[in-house]
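Asks: For reference, the file coords_5.txt (compact mmCIF, C-alpha atoms) is included below:
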# COMPACT_ATOMS: atom_id res chain seq x y z
CA MET A 1 -49.21 26.14 -10.66
CA ALA A 2 -56.04 28.43 -19.77
CA GLY A 3 -56.09 30.16 -22.81
CA HIS A 4 -58.64 32.74 -23.85
CA LEU A 5 -61.51 31.58 -26.01
CA ALA A 6 -62.49 33.57 -29.08
CA LYS A 7 -65.72 35.45 -28.59
CA PRO A 8 -68.46 34.01 -30.81
CA VAL A 9 -70.16 36.36 -33.22
CA ILE A 10 -73.83 36.85 -32.44
CA ALA A 11 -75.97 38.03 -35.34
CA ASP A 12 -78.14 41.05 -34.75
CA ASP A 13 -81.34 39.14 -35.32
CA GLU A 14 -80.36 36.64 -32.58
CA VAL A 15 -80.76 39.31 -29.93
CA PRO A 16 -84.32 40.51 -29.35
CA GLY A 17 -84.69 44.24 -29.37
CA THR A 18 -81.80 44.97 -31.72
CA PRO A 19 -82.59 46.78 -34.96
CA ARG A 20 -82.94 44.67 -38.04
CA ILE A 21 -80.86 45.74 -41.00
CA ALA A 22 -82.61 45.76 -44.30
CA PRO A 23 -81.03 43.50 -46.91
CA GLY A 24 -78.99 45.22 -49.54
CA PRO A 25 -79.61 45.11 -53.26
CA GLY A 26 -79.53 41.59 -54.61
CA ALA A 27 -79.63 40.02 -51.19
CA GLU A 28 -81.91 37.10 -50.62
CA PRO A 29 -84.99 38.08 -48.65
CA ARG A 30 -85.26 36.67 -45.15
CA CYS A 31 -87.69 33.84 -44.70
CA ARG A 32 -90.66 35.06 -42.67
CA CYS A 33 -93.40 32.60 -41.76
CA ASP A 34 -96.84 33.75 -40.59
CA VAL A 35 -97.72 31.31 -37.83
CA TYR A 36 -101.51 31.63 -38.33
CA ARG A 37 -101.09 30.40 -41.90
CA ILE A 38 -100.02 26.94 -40.72
CA GLY A 39 -103.05 26.15 -38.66
CA LEU A 40 -102.80 28.57 -35.73
CA ARG A 41 -105.23 31.32 -34.93
CA PRO A 42 -104.12 34.95 -35.45
CA GLU A 43 -104.52 35.68 -31.73
CA ASP A 44 -101.87 32.97 -30.99
CA ASP A 45 -99.28 35.00 -32.85
CA VAL A 46 -98.46 37.21 -29.84
CA GLY A 47 -97.82 34.21 -27.57
CA MET A 48 -95.71 32.48 -30.18
CA ARG A 49 -93.58 35.59 -30.69
CA ARG A 50 -93.08 35.87 -26.95
CA LEU A 51 -91.93 32.24 -26.80
CA THR A 52 -89.60 32.89 -29.73
CA ASP A 53 -88.16 35.96 -28.02
CA LEU A 54 -87.69 33.99 -24.81
CA ALA A 55 -85.85 31.25 -26.68
CA HIS A 56 -83.58 33.85 -28.26
CA TRP A 57 -82.81 35.41 -24.88
CA LEU A 58 -82.09 32.07 -23.25
CA ARG A 59 -79.72 31.16 -26.07
CA VAL A 60 -77.88 34.47 -25.81
CA ALA A 61 -77.80 34.35 -22.00
CA GLY A 62 -76.31 30.88 -22.16
CA ARG A 63 -73.57 32.08 -24.46
CA VAL A 64 -72.84 35.06 -22.23
CA ALA A 65 -72.66 32.76 -19.18
CA VAL A 66 -70.21 30.46 -20.95
CA LEU A 67 -68.08 33.40 -22.02
CA SER A 68 -68.11 34.81 -18.48
CA ALA A 69 -67.11 31.46 -17.00
CA CYS A 70 -64.30 31.07 -19.51
CA ALA A 71 -63.09 34.57 -18.80
CA CYS A 72 -63.13 33.89 -15.05
CA ALA A 73 -61.28 30.61 -15.52
CA ALA A 74 -58.70 32.27 -17.73
CA THR A 75 -58.24 35.00 -15.16
CA ALA A 76 -57.81 32.48 -12.33
CA ALA A 77 -55.43 30.24 -14.25
CA GLY A 78 -53.54 33.01 -15.96
CA PRO A 79 -50.73 35.09 -14.53
CA GLU A 80 -51.55 37.14 -11.48
CA PRO A 81 -50.94 40.87 -11.43
CA ASP A 82 -47.31 41.84 -11.54
CA THR A 83 -46.62 41.54 -7.81
CA ASP A 84 -43.15 41.43 -6.36
CA PRO A 85 -42.85 37.95 -4.75
CA ALA A 86 -40.51 39.17 -2.01
CA SER A 87 -42.99 41.89 -1.03
CA ALA A 88 -45.84 39.36 -1.12
CA LEU A 89 -43.95 37.03 1.24
CA GLN A 90 -43.08 39.97 3.50
CA ALA A 91 -46.80 40.81 3.61
CA ARG A 92 -47.57 37.22 4.55
CA TYR A 93 -45.02 37.46 7.34
CA ALA A 94 -46.76 40.57 8.66
CA ALA A 95 -50.18 38.92 8.39
CA LEU A 96 -48.99 35.90 10.40
CA SER A 97 -47.21 37.94 13.07
CA GLY A 98 -49.73 36.92 15.74
CA GLN A 99 -49.53 33.19 14.99
CA LEU A 100 -45.73 33.31 14.74
CA ALA A 101 -45.42 35.11 18.07
CA GLN A 102 -47.79 32.86 20.01
CA ASN A 103 -48.05 29.18 19.16
CA LEU A 104 -47.36 25.65 20.42
CA PHE A 105 -43.91 25.49 18.82
CA PRO A 106 -40.53 26.44 20.34
CA GLN A 107 -39.92 28.91 17.49
CA PRO A 108 -41.91 31.32 15.30
CA LEU A 109 -43.73 28.72 13.21
CA HIS A 110 -47.18 28.25 11.69
CA VAL A 111 -48.69 25.20 9.96
CA GLU A 112 -51.58 25.20 7.49
CA SER A 113 -53.22 22.49 5.41
CA LYS A 114 -55.90 22.06 2.77
CA GLU A 115 -57.87 19.05 1.63
CA GLY A 116 -59.73 19.24 -1.67
CA PRO A 117 -61.32 16.76 -4.04
CA GLY A 118 -58.37 14.64 -5.09
CA ALA A 119 -55.66 16.92 -3.67
CA SER A 120 -53.83 17.65 -0.40
CA GLU A 121 -51.51 20.48 0.54
CA GLY A 122 -49.51 21.35 3.62
CA GLU A 123 -47.62 24.56 4.36
CA VAL A 124 -45.12 25.61 6.99
CA TYR A 125 -44.20 29.23 7.64
CA ALA A 126 -41.24 29.78 9.94
CA VAL A 127 -38.58 32.27 10.95
CA VAL A 128 -35.09 30.73 11.01
CA ASP A 129 -31.93 32.14 12.55
CA TYR A 130 -29.94 32.18 9.32
CA PRO A 131 -29.46 35.02 6.84
CA ILE A 132 -31.19 34.84 3.47
CA ALA A 133 -27.82 34.43 1.71
CA THR A 134 -27.18 31.17 3.61
CA VAL A 135 -30.64 29.80 2.85
CA ALA A 136 -30.49 30.80 -0.82
CA GLU A 137 -27.02 29.38 -1.39
CA ALA A 138 -27.85 26.09 0.30
CA PHE A 139 -31.11 25.34 -1.48
CA SER A 140 -30.09 26.58 -4.89
CA SER A 141 -28.01 23.39 -4.99
CA PRO A 142 -29.60 20.04 -5.97
CA GLU A 143 -26.99 18.21 -3.90
CA SER A 144 -28.01 20.15 -0.79
CA TRP A 145 -31.63 19.22 -1.38
CA CYS A 146 -30.72 15.53 -1.44
CA ASP A 147 -28.66 15.85 1.74
CA ALA A 148 -31.70 17.42 3.41
CA LEU A 149 -34.42 15.17 1.95
CA ILE A 150 -32.65 11.97 2.98
CA LEU A 151 -33.24 12.95 6.63
CA HIS A 152 -36.97 12.25 6.12
CA PRO A 153 -37.58 8.64 7.24
CA ASN A 154 -39.61 7.81 4.12
CA VAL A 155 -36.93 9.03 1.69
CA LYS A 156 -34.67 6.08 0.96
CA TYR A 157 -32.54 7.57 -1.81
CA CYS A 158 -31.91 10.94 -3.48
CA ARG A 159 -29.35 11.83 -6.11
CA PRO A 160 -29.22 14.61 -8.75
CA VAL A 161 -29.05 13.34 -12.35
CA SER A 162 -29.39 14.91 -15.78
CA ARG A 163 -32.44 14.17 -17.93
CA ASP A 164 -32.68 15.80 -21.38
CA GLY A 165 -30.66 18.78 -20.26
CA ARG A 166 -32.62 19.24 -17.02
CA THR A 167 -31.55 18.56 -13.45
CA VAL A 168 -33.68 15.91 -11.81
CA LEU A 169 -33.63 14.55 -8.28
CA SER A 170 -33.90 10.79 -8.60
CA THR A 171 -35.53 9.65 -5.36
CA ALA A 172 -36.99 6.53 -3.79
CA ILE A 173 -39.84 6.65 -1.27
CA GLY A 174 -40.50 3.77 1.10
CA ARG A 175 -41.34 2.66 4.62
CA LYS A 176 -39.89 3.94 7.88
CA PHE A 177 -37.42 1.10 8.17
CA ASP A 178 -34.40 -0.12 6.23
CA GLN A 179 -35.41 -1.64 2.90
CA PRO A 180 -33.84 -2.37 -0.50
CA LEU A 181 -34.45 0.16 -3.25
CA GLY A 182 -36.18 -2.51 -5.32
CA SER A 183 -39.12 -2.46 -2.93
CA ALA A 184 -39.34 1.35 -2.75
CA HIS A 185 -41.23 3.66 -5.13
CA ARG A 186 -39.13 5.74 -7.49
CA LEU A 187 -39.98 9.43 -8.05
CA GLU A 188 -38.14 11.93 -10.22
CA PHE A 189 -38.44 15.56 -9.15
CA THR A 190 -37.51 18.22 -11.68
CA PHE A 191 -35.37 20.86 -9.99
CA GLY A 192 -35.99 24.50 -10.81
CA ILE A 193 -35.08 27.88 -9.39
CA ALA A 194 -38.13 30.07 -9.99
CA ALA A 195 -36.48 33.19 -8.57
CA SER A 196 -33.16 34.11 -7.02
CA ARG A 197 -31.99 37.53 -5.89
CA PRO A 198 -30.17 38.93 -2.85
CA ASP A 199 -33.30 39.25 -0.68
CA TYR A 200 -35.45 36.40 -2.00
CA VAL A 201 -35.28 32.84 -3.38
CA ASP A 202 -37.91 30.44 -4.70
CA VAL A 203 -37.02 26.84 -5.53
CA GLU A 204 -39.43 24.16 -6.80
CA LEU A 205 -39.29 20.38 -7.01
CA LYS A 206 -42.01 18.74 -9.13
CA ALA A 207 -42.81 15.10 -9.91
CA ARG A 208 -45.57 14.19 -12.34
CA ARG A 209 -46.14 10.65 -11.08
CA GLY A 210 -46.05 9.08 -7.64
CA PRO A 211 -46.85 5.78 -5.93
CA LEU A 212 -50.27 4.29 -5.28
CA GLY A 213 -52.24 6.45 -7.69
CA THR A 214 -50.72 9.76 -6.59
CA ALA A 215 -49.38 12.43 -8.94
CA ASN A 216 -48.32 16.06 -9.35
CA TYR A 217 -46.01 16.17 -6.34
CA ARG A 218 -44.66 19.58 -5.51
CA ILE A 219 -42.19 20.70 -2.87
CA SER A 220 -41.51 24.43 -3.00
CA LEU A 221 -39.36 26.58 -0.77
CA GLU A 222 -39.44 30.34 -0.86
CA ALA A 223 -37.60 32.57 1.56
CA VAL A 224 -37.18 36.27 2.15
CA GLY A 225 -34.69 38.14 4.30
CA LEU A 226 -35.89 40.02 7.37
CA GLU A 227 -34.49 43.27 8.75
CA ASP A 228 -32.98 41.57 11.80
CA GLY A 229 -30.81 39.27 9.68
CA ARG A 230 -33.07 36.26 10.00
CA THR A 231 -35.10 34.64 7.21
CA PHE A 232 -38.81 33.97 6.77
CA ILE A 233 -39.40 30.60 5.10
CA HIS A 234 -42.47 29.26 3.35
CA LEU A 235 -42.42 25.53 2.58
CA ARG A 236 -45.24 23.96 0.60
CA TYR A 237 -45.81 20.24 -0.01
CA SER A 238 -48.70 18.99 -2.14
CA TYR A 239 -49.88 16.19 -4.40
CA THR A 240 -52.99 14.89 -6.13
CA TYR A 241 -54.54 11.44 -6.10
CA GLY A 242 -57.11 9.41 -8.00
CA PHE A 243 -59.25 6.47 -7.02
CA ALA A 244 -56.32 4.21 -6.10
CA GLY A 245 -54.76 6.98 -4.01
CA ARG A 246 -58.01 7.67 -2.18
CA LEU A 247 -58.42 3.97 -1.47
CA ALA A 248 -54.86 3.69 -0.14
CA MET A 249 -55.36 6.73 2.09
CA LYS A 250 -58.67 5.37 3.36
CA MET A 251 -57.02 2.05 4.27
CA TYR A 252 -54.16 3.86 6.02
CA LEU A 253 -56.50 6.10 8.01
CA SER A 254 -58.58 3.12 9.10
CA SER A 255 -55.54 1.15 10.29
CA SER A 256 -52.09 2.43 11.29
CA GLY A 257 -53.03 6.09 10.76
CA ARG A 258 -56.29 5.96 12.69
CA ASP A 259 -55.12 7.77 15.81
CA LYS A 260 -52.46 10.00 14.26
CA VAL A 261 -52.87 13.75 14.21
CA GLY A 262 -51.38 16.86 12.69
CA PHE A 263 -50.58 20.28 14.16
CA THR A 264 -53.66 22.40 13.52
CA VAL A 265 -55.66 22.84 16.72
CA VAL A 266 -59.39 22.19 16.38
CA GLY A 267 -61.44 23.44 19.29
CA ASP A 268 -60.27 25.61 22.16
CA PRO A 269 -56.64 26.71 21.56
CA ASP A 270 -56.29 27.49 25.28
CA ASP A 271 -57.14 23.94 26.31
CA PRO A 272 -54.15 22.47 28.21
CA GLN A 273 -54.73 19.29 26.21
CA PRO A 274 -55.61 20.64 22.76
CA LYS A 275 -57.32 18.54 20.12
CA PHE A 276 -55.43 18.31 16.83
CA ILE A 277 -56.63 17.78 13.28
CA GLY A 278 -56.61 14.17 12.06
CA GLY A 279 -57.43 12.41 8.81
CA VAL A 280 -56.00 13.52 5.49
CA ARG A 281 -55.07 16.98 6.74
CA GLY A 282 -53.28 15.50 9.73
CA ALA A 283 -51.27 13.25 7.42
CA ILE A 284 -50.19 16.05 5.08
CA GLU A 285 -49.25 18.27 8.02
CA ARG A 286 -47.02 15.58 9.53
CA ASN A 287 -45.19 15.02 6.26
CA THR A 288 -44.80 18.73 5.56
CA MET A 289 -43.35 19.22 9.04
CA ARG A 290 -40.88 16.37 8.51
CA TYR A 291 -39.63 18.07 5.35
CA TYR A 292 -39.40 21.43 7.10
CA LEU A 293 -37.41 19.94 9.99
CA ALA A 294 -35.07 18.33 7.45
CA ILE A 295 -34.43 21.75 5.86
CA ASP A 296 -33.89 23.36 9.26
CA ALA A 297 -31.59 20.54 10.41
CA TYR A 298 -29.50 20.84 7.25
CA LEU A 299 -29.14 24.60 7.72
CA GLY A 300 -28.18 24.14 11.35
CA ALA A 301 -25.47 21.62 10.45
CA LEU A 302 -23.75 23.88 7.93
CA ALA A 303 -21.54 25.34 10.68
CA THR A 304 -20.14 21.85 11.33
CA PRO A 305 -17.03 20.73 9.38
CA ALA A 306 -17.96 18.82 6.23
CA ASP A 307 -16.85 15.41 7.51
CA GLY A 308 -19.24 15.59 10.47
CA ARG A 309 -22.08 17.55 8.85
CA PHE A 310 -24.36 14.64 8.02
CA GLU A 311 -24.14 13.18 11.52
CA GLN A 312 -24.96 16.60 12.94
CA SER A 313 -27.97 16.95 10.66
CA LEU A 314 -29.23 13.52 11.77
CA GLU A 315 -28.88 14.59 15.38
CA ARG A 316 -30.72 17.85 14.81
CA TRP A 317 -33.56 16.26 12.83
CA PHE A 318 -34.21 13.48 15.33
CA ASN A 319 -34.07 15.81 18.33
CA ALA A 320 -36.48 18.22 16.64
CA THR A 321 -39.02 15.47 15.92
CA GLU A 322 -38.90 14.37 19.56
CA LEU A 323 -40.41 17.75 20.49
CA TYR A 324 -43.64 16.53 18.86
CA PRO A 325 -44.04 12.92 20.03
CA ARG A 326 -47.81 12.89 19.45
CA GLN A 327 -47.34 13.68 15.77
CA LEU A 328 -43.86 12.50 14.74
CA ARG A 329 -42.51 9.77 17.03
CA GLU A 330 -42.49 6.59 14.94
CA ILE A 331 -38.94 5.24 15.11
CA ASP A 332 -36.40 5.02 17.90
CA ARG A 333 -33.08 6.81 17.80
CA GLU A 334 -30.84 3.81 17.23
CA ALA A 335 -32.94 2.45 14.38
CA TYR A 336 -33.21 5.87 12.72
CA PHE A 337 -29.46 6.53 12.83
CA ALA A 338 -28.57 3.07 11.52
CA MET A 339 -31.11 3.30 8.69
CA LYS A 340 -30.04 6.78 7.59
CA ARG A 341 -26.32 6.08 7.70
CA SER A 342 -26.87 3.12 5.37
CA GLU A 343 -29.12 5.11 3.03
CA TYR A 344 -26.77 8.08 2.92
CA GLN A 345 -23.89 5.79 1.97
CA ARG A 346 -26.03 4.17 -0.73
CA GLN A 347 -26.95 7.47 -2.37
CA GLN A 348 -23.31 8.40 -2.93
CA THR A 349 -23.49 6.26 -6.08
CA ILE A 350 -26.10 6.12 -8.85
CA GLN A 351 -28.63 3.39 -8.16
What does this structure look like when you write it as structure tokens?
Replies:
Amino acid sequence: MAGHLAKPVIADDEVPGTPRIAPGPGAEPRCRCDVYRIGLRPEDDVGMRRLTDLAHWLRVAGRVAVLSACACAATAAGPEPDTDPASALQARYAALSGQLAQNLFPQPLHVESKEGPGASEGEVYAVVDYPIATVAEAFSSPESWCDALILHPNVKYCRPVSRDGRTVLSTAIGRKFDQPLGSAHRLEFTFGIAASRPDYVDVELKARRGPLGTANYRISLEAVGLEDGRTFIHLRYSYTYGFAGRLAMKMYLSSSGRDKVGFTVVGDPDDPQPKFIGGVRGAIERNTMRYYLAIDAYLGALATPADGRFEQSLERWFNATELYPRQLREIDREAYFAMKRSEYQRQQTIQ
């Protein structure tokens, strides 16, 4: 997710065309220099005054431009108009009705991504067959988040801990195979509920620092109830990166990630063999989808008795990823289940 700058005072005589105010009694007279008395001809006086006026105008215009830019920046960075977030998400649902109704997915689902200078963001919008109360109750719990996040093959550990009175998800991010925590990268996500009410919930996870020159990780989930008892979900995953992060991404995209793609179709959407986005946007879309499928798998397993819930969520997550082999198939079933069972057992204790 800028303060307002004080407006500088511009004296009247700095702005050409404004009336000059005569000095009051006892005031020092203004210094006026006749240009033709220091070696210039009288006829040069008009040109010199024009240059002086132009300089004044440029100085004032520059100040006005700076003030305008600062005002625009403050407006952009400051709070938006008082808009109801549930209504805003409902409006987004209406705007995406066409994409949700007709797409390449087996459910109402839409994927978006952005790539900027030093930042990447992926978003998934989806309609799930669970009431808003179920979604809100589940993901208002840090423990539920960890039980969902651990389904992602790169998440090796997740456990809620307390840090200075705040709830933090202590996580470890690694490779898509079994590995000791010592060789994984540790991230701490602050857990916060931005909004919670009967028809809407907004939960945010934020980590300031990440591996390989990455930073400002954010996973946010907002959801609003629909009239038919289902729920419209918006999941956002983003992070920033510096030089080291760009270099790591470049190496990945030139090696193991060279031929991998995301979900956004580039080209003719009616092509029986559509072409998908690759590169940085493809990478962020794949990861965002993995997190979404983890959330959906966790929700789907809630109907299972507690002692079999994790196994059911593993089953649901793996089966869902197999629907997208071009994008998400990277580990076989046996290896995935063995790895996740071990990691889930490990995260039952503080590491």
Asks: Would you please work out which residue, of A:Pro85, A:Gly278, A:Pro272, A:Gly225, is nearest to Val128 (chain A) when using all atoms listed in the file?
Replies: A:Gly225
Asks: Considering all atoms listed in the file, can you say which of A:Thr321, A:Gln348, A:Ser183, A:Ser313 comes closest to Leu151 (chain A)?
Replies: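 Closest candidate: A:Ser313.
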Asks: Box time for region 174-178 of chain A: axis-aligned, enclosing all its listed atoms, 5 Å extra on each side; report centre and edge lengths in Å to one decimal, as lines of an AutoDock Vina configuration file.
Replies:
center_x = -37.9
center_y = 1.9
center_z = 4.6
size_x = 16.9
size_y = 14.1
size_z = 17.1
Asks: Quick one, how far is CA of Ser113 (chain A) from CA of Ile284 (chain A)?
Replies: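 CA of Ile284 (chain A) lies 7.1 Å from CA of Ser113 (chain A).
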Asks: Find the residues near Gly192 (chain A): any atom within 12 Å, counting only C-alpha atoms, skip ones fewer than 3 places away on the same chain, and give them as a list in words.
Replies: Phe139, Ser140, Ser141, Pro142, Trp145, Arg166, Thr167, Val168, Leu169, Phe189, Ala195, Ser196, Val201, Asp202, Val203, Glu204, Leu205, Lys206, Ala207, Arg218, Ile219, Ser220 and Leu221 of chain A
Asks: Rounded to one decimal in Å, what is the spacing between CA of Arg209 (chain A) and CA of Tyr157 (chain A)?
Replies: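 Taking CA of Arg209 (chain A) as the start and CA of Tyr157 (chain A) as the end point, the length is 16.7 Å.
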Asks: Kindly indicate which residue among A:Leu293, A:Cys146, A:Leu299, A:Ile331 lies nearest to Cys158 (chain A), using only C-alpha atoms for the distances.
Replies: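 Of A:Leu293, A:Cys146, A:Leu299, A:Ile331, the one nearest Cys158 (chain A) is A:Cys146, counting only C-alpha atoms.
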Asks: For region 232-243 of chain A, find every residue with an atom within 6 Å (counting only C-alpha atoms), except residues of its own chain fewer than 3 positions away, and show them as a PyMOL selection string.
Replies: chain A and resi 118-127+213-224+246+288
Asks: How would you write as a PDB file with C-alpha atoms, in the coordinates of the input the residues that get within 9 Å of (-46.8, 17.7, 16.3) in the file's frame, counting only C-alpha atoms?
Replies:
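Listing of out_11.pdb after writing:
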ATOM      1  CA  LEU A 104     -47.360  25.650  20.420  1.00  0.00           C
ATOM      2  CA  PHE A 105     -43.910  25.490  18.820  1.00  0.00           C
ATOM      3  CA  VAL A 261     -52.870  13.750  14.210  1.00  0.00           C
ATOM      4  CA  GLY A 262     -51.380  16.860  12.690  1.00  0.00           C
ATOM      5  CA  PHE A 263     -50.580  20.280  14.160  1.00  0.00           C
ATOM      6  CA  THR A 264     -53.660  22.400  13.520  1.00  0.00           C
ATOM      7  CA  PHE A 276     -55.430  18.310  16.830  1.00  0.00           C
ATOM      8  CA  GLU A 285     -49.250  18.270   8.020  1.00  0.00           C
ATOM      9  CA  ARG A 286     -47.020  15.580   9.530  1.00  0.00           C
ATOM     10  CA  MET A 289     -43.350  19.220   9.040  1.00  0.00           C
ATOM     11  CA  THR A 321     -39.020  15.470  15.920  1.00  0.00           C
ATOM     12  CA  LEU A 323     -40.410  17.750  20.490  1.00  0.00           C
ATOM     13  CA  TYR A 324     -43.640  16.530  18.860  1.00  0.00           C
ATOM     14  CA  PRO A 325     -44.040  12.920  20.030  1.00  0.00           C
ATOM     15  CA  ARG A 326     -47.810  12.890  19.450  1.00  0.00           C
ATOM     16  CA  GLN A 327     -47.340  13.680  15.770  1.00  0.00           C
ATOM     17  CA  LEU A 328     -43.860  12.500  14.740  1.00  0.00           C
TER      18      LEU A 328
END
Asks: Using only C-alpha atoms, which of A:Ala95, A:Leu181, A:Ile295, A:Ala86 sits nearest Val135 (chain A)?
Replies: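 Looking only at the distances to Val135 (chain A), the closest residue turns out to be A:Ile295.
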Asks: Check the smallest atom-to-atom distance from each of A:Ala138, A:Val111, A:Lys156, A:Asp199 to Gly182 (chain A) using all atoms listed in the file, then report the winner.
Replies: A:Lys156
Asks: Return the single residue from A:Arg258, A:Arg316, A:Arg346, A:Arg281 that is closest to Arg333 (chain A), with distances computed using only C-alpha atoms.
Replies: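 Closest residue, counting only C-alpha atoms: A:Arg316.
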Asks: Could you tell me how far CA of Thr304 (chain A) sits from CA of Asp228 (chain A), in Å to one decimal place?
Replies: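 Between CA of Asp228 (chain A) and CA of Thr304 (chain A) the gap works out to 23.5 Å.
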Asks: Could you give me, as a PDB file with C-alpha atoms, in the coordinates of the input, the residues that have an atom at most 12 Å away from the point (-37.9, 1.4, 8.8) in the coordinates of the file, using only C-alpha atoms?
Replies:
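Written file, result_14.pdb:
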ATOM      1  CA  HIS A 152     -36.970  12.250   6.120  1.00  0.00           C
ATOM      2  CA  PRO A 153     -37.580   8.640   7.240  1.00  0.00           C
ATOM      3  CA  ASN A 154     -39.610   7.810   4.120  1.00  0.00           C
ATOM      4  CA  VAL A 155     -36.930   9.030   1.690  1.00  0.00           C
ATOM      5  CA  LYS A 156     -34.670   6.080   0.960  1.00  0.00           C
ATOM      6  CA  ILE A 173     -39.840   6.650  -1.270  1.00  0.00           C
ATOM      7  CA  GLY A 174     -40.500   3.770   1.100  1.00  0.00           C
ATOM      8  CA  ARG A 175     -41.340   2.660   4.620  1.00  0.00           C
ATOM      9  CA  LYS A 176     -39.890   3.940   7.880  1.00  0.00           C
ATOM     10  CA  PHE A 177     -37.420   1.100   8.170  1.00  0.00           C
ATOM     11  CA  ASP A 178     -34.400  -0.120   6.230  1.00  0.00           C
ATOM     12  CA  GLN A 179     -35.410  -1.640   2.900  1.00  0.00           C
ATOM     13  CA  PRO A 180     -33.840  -2.370  -0.500  1.00  0.00           C
ATOM     14  CA  ALA A 184     -39.340   1.350  -2.750  1.00  0.00           C
ATOM     15  CA  GLU A 330     -42.490   6.590  14.940  1.00  0.00           C
ATOM     16  CA  ILE A 331     -38.940   5.240  15.110  1.00  0.00           C
ATOM     17  CA  ASP A 332     -36.400   5.020  17.900  1.00  0.00           C
ATOM     18  CA  ARG A 333     -33.080   6.810  17.800  1.00  0.00           C
ATOM     19  CA  GLU A 334     -30.840   3.810  17.230  1.00  0.00           C
ATOM     20  CA  ALA A 335     -32.940   2.450  14.380  1.00  0.00           C
ATOM     21  CA  TYR A 336     -33.210   5.870  12.720  1.00  0.00           C
ATOM     22  CA  PHE A 337     -29.460   6.530  12.830  1.00  0.00           C
ATOM     23  CA  ALA A 338     -28.570   3.070  11.520  1.00  0.00           C
ATOM     24  CA  MET A 339     -31.110   3.300   8.690  1.00  0.00           C
ATOM     25  CA  LYS A 340     -30.040   6.780   7.590  1.00  0.00           C
ATOM     26  CA  SER A 342     -26.870   3.120   5.370  1.00  0.00           C
ATOM     27  CA  GLU A 343     -29.120   5.110   3.030  1.00  0.00           C
TER      28      GLU A 343
END
